[in-house]
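**Student:** Structure provided below as structure tokens; questions to follow.
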Amino acid sequence: MILLVTPSERAPECAAALREAAGEGIVVAESLARAATLLRAESYLAVVLDQYLVETEPHEAENTLEHLGTSILVPVNLAISGMERLVREVRAALQRRQREELRARQAAIVRLQSELNGTITALLLSSELALEIAGLPAAAAEKLQSVHDVVKRLQKLLESADPMGDAETAASTPRIV
């Protein structure tokens, strides 16, 4: 969902153009106070903010911006911007957000895979050392061998998995038309 913040009489026209271009729901806030309330209540993909409000109400604008959360800010001057420019800027911002989310997801996957590989290596080493203990009861050796085999299978699964496959597929699927 996209939040459009403007007192402009063009708000309905802008909302319709954004809805059609982005394929997202549009919520219109006529004031910064209303926008801050909406931002506290819900998360938005983007916040399209009329620069007129920033210039006329700088303190209220600062308060509103504190509540953006993960929303991407798209400042626009609706007094001089046409619909094409508005749509182009919002599309660009949404695409930027999508790329940033992909990079963050990829970084998280790489970090998780690295942590899992370290844990798997430790489990394999520990189970192999335990299996070498002289006089280990047969039942305990059997259980340790079973654990070792499971960890080896897990290691093979992680090695064969494409850590970026799902993330790249999601990124290549166009959301914005």
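Residue numbers start at 1 in each chain; chains themselves are named A, B, ... in the order of the structure tokens; ligands are numbered from 1 in the order shown.
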I'd like the contact shell of Ala79 in chain A - 12 Å cut-off, only C-alpha atoms, skipping same-chain residues fewer than 5 positions apart - returned as a short mmCIF file (atom, residue, chain, number, x, y, z; two decimals) with N, CA, C and O atoms, in the first residue's frame.
**Tutor:**
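Output saved as part18.cif:
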```cif
data_model
loop_
_atom_site.label_atom_id
_atom_site.label_comp_id
_atom_site.auth_asym_id
_atom_site.auth_seq_id
_atom_site.Cartn_x
_atom_site.Cartn_y
_atom_site.Cartn_z
N THR A 6 -0.91 14.80 0.83
CA THR A 6 -1.05 16.09 0.16
C THR A 6 -2.41 16.71 0.46
O THR A 6 -3.41 16.02 0.53
N PRO A 7 -2.43 18.05 0.59
CA PRO A 7 -3.71 18.74 0.73
C PRO A 7 -4.24 19.17 -0.64
O PRO A 7 -5.29 19.80 -0.72
N SER A 8 -3.54 18.83 -1.69
CA SER A 8 -3.88 19.27 -3.04
C SER A 8 -5.24 18.77 -3.49
O SER A 8 -5.66 17.66 -3.17
N GLU A 9 -5.89 19.59 -4.29
CA GLU A 9 -7.16 19.19 -4.89
C GLU A 9 -6.94 18.09 -5.93
O GLU A 9 -7.89 17.41 -6.32
N ARG A 10 -5.70 17.92 -6.35
CA ARG A 10 -5.35 16.89 -7.33
C ARG A 10 -5.15 15.51 -6.68
O ARG A 10 -4.84 14.55 -7.38
N ALA A 11 -5.33 15.42 -5.38
CA ALA A 11 -5.09 14.16 -4.67
C ALA A 11 -5.84 12.97 -5.28
O ALA A 11 -5.23 11.91 -5.49
N CYS A 14 -4.14 12.05 -8.53
CA CYS A 14 -2.83 11.46 -8.27
C CYS A 14 -2.99 10.04 -7.74
O CYS A 14 -2.26 9.12 -8.15
N ASP A 50 4.02 15.44 -0.44
CA ASP A 50 3.98 16.72 -1.15
C ASP A 50 4.95 17.67 -0.44
O ASP A 50 4.82 17.93 0.76
N GLN A 51 5.92 18.19 -1.18
CA GLN A 51 6.93 19.07 -0.60
C GLN A 51 6.33 20.35 -0.03
O GLN A 51 6.92 20.97 0.86
N TYR A 52 5.18 20.72 -0.50
CA TYR A 52 4.49 21.90 0.03
C TYR A 52 4.31 21.77 1.54
O TYR A 52 4.54 22.72 2.30
N LEU A 53 3.93 20.58 1.99
CA LEU A 53 3.71 20.36 3.43
C LEU A 53 5.03 20.43 4.21
O LEU A 53 5.05 20.94 5.33
N ARG A 85 5.40 12.34 -14.37
CA ARG A 85 6.58 12.45 -13.52
C ARG A 85 6.33 11.82 -12.15
O ARG A 85 7.18 11.12 -11.61
N LEU A 86 5.17 12.06 -11.59
CA LEU A 86 4.80 11.48 -10.31
C LEU A 86 4.87 9.96 -10.38
O LEU A 86 5.51 9.31 -9.54
#
```
**Student:** Check the DSSP output for the backbone and give back, as a ChimeraX atom specification, the residues of chain A in strand (DSSP E or B).
**Tutor:** /A:2-5,26-29,46-50,72-76
**Student:** As an exercise, work out the distance from CA of Ala93 in chain A to CA of Gly69 in chain A in Å and give it to one decimal place.
**Tutor:** 15.3 Å
**Student:** What's the separation between CA of Thr119 in chain A and CA of Leu154 in chain A, in Å to one decimal place?
**Tutor:**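 Distance between the two atoms: 11.0 Å.
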**Student:** Which distance in Å separates CA of Glu128 in chain A and CA of Lys156 in chain A, to one decimal?
**Tutor:**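 Separation of CA of Glu128 in chain A and CA of Lys156 in chain A: 17.0 Å.
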**Student:** Find the nearest atom pair between each residue of range 59-168 of chain A and range 33-39 of chain A for residues within 8 Å, count only C-alpha atoms, give distances in Å to one decimal, sort rows by chain and ascending number, and present the table as JSON lines.
**Tutor:**
```
{"residue": "A:Glu60", "atom": "CA", "partner": "A:Ala33", "partner_atom": "CA", "distance": 6.9}
{"residue": "A:Asn63", "atom": "CA", "partner": "A:Ala36", "partner_atom": "CA", "distance": 7.3}
{"residue": "A:Thr64", "atom": "CA", "partner": "A:Ala36", "partner_atom": "CA", "distance": 4.7}
{"residue": "A:Leu65", "atom": "CA", "partner": "A:Ala36", "partner_atom": "CA", "distance": 7.8}
{"residue": "A:His67", "atom": "CA", "partner": "A:Leu39", "partner_atom": "CA", "distance": 5.8}
{"residue": "A:Leu68", "atom": "CA", "partner": "A:Leu39", "partner_atom": "CA", "distance": 6.4}
```
**Student:** Write out as a list of chain:residue names each polymer residue whose atoms come within 9 Å of Val74 in chain A, counting only C-alpha atoms; drop sequence neighbours fewer than 2 positions from it.
**Tutor:**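 Contacts, with the query itself left out: A:Ala46, A:Val47, A:Val48, A:Leu49, A:Asp50, A:Ile72, A:Val76, A:Glu89, A:Val90, A:Ala93.
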**Student:** Could you write those residues out with N, CA and C atoms, as a PDB file, in the first residue's frame?
**Tutor:**
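This went into again.pdb:
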```pdb
ATOM      1  N   ALA A  46       5.552   2.785   0.314  1.00  0.00           N
ATOM      2  CA  ALA A  46       6.100   4.108   0.036  1.00  0.00           C
ATOM      3  C   ALA A  46       5.191   5.181   0.611  1.00  0.00           C
ATOM      4  N   VAL A  47       5.808   6.320   0.904  1.00  0.00           N
ATOM      5  CA  VAL A  47       5.071   7.498   1.336  1.00  0.00           C
ATOM      6  C   VAL A  47       5.407   8.603   0.345  1.00  0.00           C
ATOM      7  N   VAL A  48       4.410   8.996  -0.426  1.00  0.00           N
ATOM      8  CA  VAL A  48       4.567  10.070  -1.401  1.00  0.00           C
ATOM      9  C   VAL A  48       4.176  11.353  -0.679  1.00  0.00           C
ATOM     10  N   LEU A  49       5.174  12.205  -0.462  1.00  0.00           N
ATOM     11  CA  LEU A  49       4.976  13.388   0.378  1.00  0.00           C
ATOM     12  C   LEU A  49       5.077  14.660  -0.454  1.00  0.00           C
ATOM     13  N   ASP A  50       4.016  15.435  -0.443  1.00  0.00           N
ATOM     14  CA  ASP A  50       3.983  16.719  -1.147  1.00  0.00           C
ATOM     15  C   ASP A  50       4.954  17.666  -0.443  1.00  0.00           C
ATOM     16  N   ILE A  72       9.544   3.695   1.973  1.00  0.00           N
ATOM     17  CA  ILE A  72      10.469   4.544   1.224  1.00  0.00           C
ATOM     18  C   ILE A  72       9.796   5.887   0.995  1.00  0.00           C
ATOM     19  N   VAL A  76       7.709  14.825  -3.553  1.00  0.00           N
ATOM     20  CA  VAL A  76       7.323  15.368  -4.862  1.00  0.00           C
ATOM     21  C   VAL A  76       6.719  16.753  -4.676  1.00  0.00           C
ATOM     22  N   GLU A  89       8.527   8.719 -10.743  1.00  0.00           N
ATOM     23  CA  GLU A  89       9.294   8.799  -9.496  1.00  0.00           C
ATOM     24  C   GLU A  89       8.874   7.722  -8.496  1.00  0.00           C
ATOM     25  N   VAL A  90       7.586   7.454  -8.411  1.00  0.00           N
ATOM     26  CA  VAL A  90       7.109   6.421  -7.484  1.00  0.00           C
ATOM     27  C   VAL A  90       7.554   5.041  -7.968  1.00  0.00           C
ATOM     28  N   ALA A  93      11.187   4.619  -7.136  1.00  0.00           N
ATOM     29  CA  ALA A  93      11.375   4.412  -5.695  1.00  0.00           C
ATOM     30  C   ALA A  93      10.991   2.988  -5.288  1.00  0.00           C
TER      31      ALA A  93
END
```
**Student:** Env of Leu144 in chain A: 9 Å cut, atoms = only C-alpha atoms, seq-sep filter 5 positions within chain, self excluded. Answer as a compact mmCIF listing (two decimals) with C-alpha atoms, in the first residue's frame.
**Tutor:**
```txt
# COMPACT_ATOMS: atom_id res chain seq x y z
CA SER A 127 30.85 -36.82 16.44
CA GLU A 128 33.98 -38.13 14.66
CA ALA A 130 33.50 -39.20 19.96
CA LEU A 131 33.40 -42.24 17.64
CA ALA A 139 24.79 -48.63 21.51
CA ASP A 149 25.20 -39.54 9.14
```
**Student:** From a DSSP calculation on the backbone, collect every residue of range 30-138 of chain A in helix (DSSP H, G or I) and output the set as a count of residues only.
**Tutor:** 74
**Student:** Between A:Ala122, A:Val54, A:Leu136, A:Leu45, single out the one closest to Arg97 in chain A, counting only C-alpha atoms.
**Tutor:**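 Checking each candidate against Arg97 in chain A, we get A:Leu45 as the closest.
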**Student:** Can you pull out the residues contacting Ser126 in chain A? Cut-off 12 Å, using only C-alpha atoms, and skip same-chain residues under 6 positions away; I want them as number ranges by chain.
**Tutor:** A: 119-120, 132-133, 144-145, 147-148, 151
**Student:** Export, as a PDB file, in the first residue's frame, the selected residues with C-alpha atoms.
**Tutor:**
```
ATOM      1  CA  THR A 119      27.779 -25.469  13.249  1.00  0.00           C
ATOM      2  CA  ILE A 120      27.727 -28.461  10.906  1.00  0.00           C
ATOM      3  CA  GLU A 132      37.184 -42.660  18.098  1.00  0.00           C
ATOM      4  CA  ILE A 133      36.889 -43.044  21.883  1.00  0.00           C
ATOM      5  CA  LEU A 144      26.796 -41.273  17.384  1.00  0.00           C
ATOM      6  CA  GLN A 145      27.177 -42.776  13.908  1.00  0.00           C
ATOM      7  CA  VAL A 147      23.981 -38.423  14.327  1.00  0.00           C
ATOM      8  CA  HIS A 148      27.098 -38.181  12.157  1.00  0.00           C
ATOM      9  CA  VAL A 151      24.730 -34.156   9.888  1.00  0.00           C
TER      10      VAL A 151
END
```
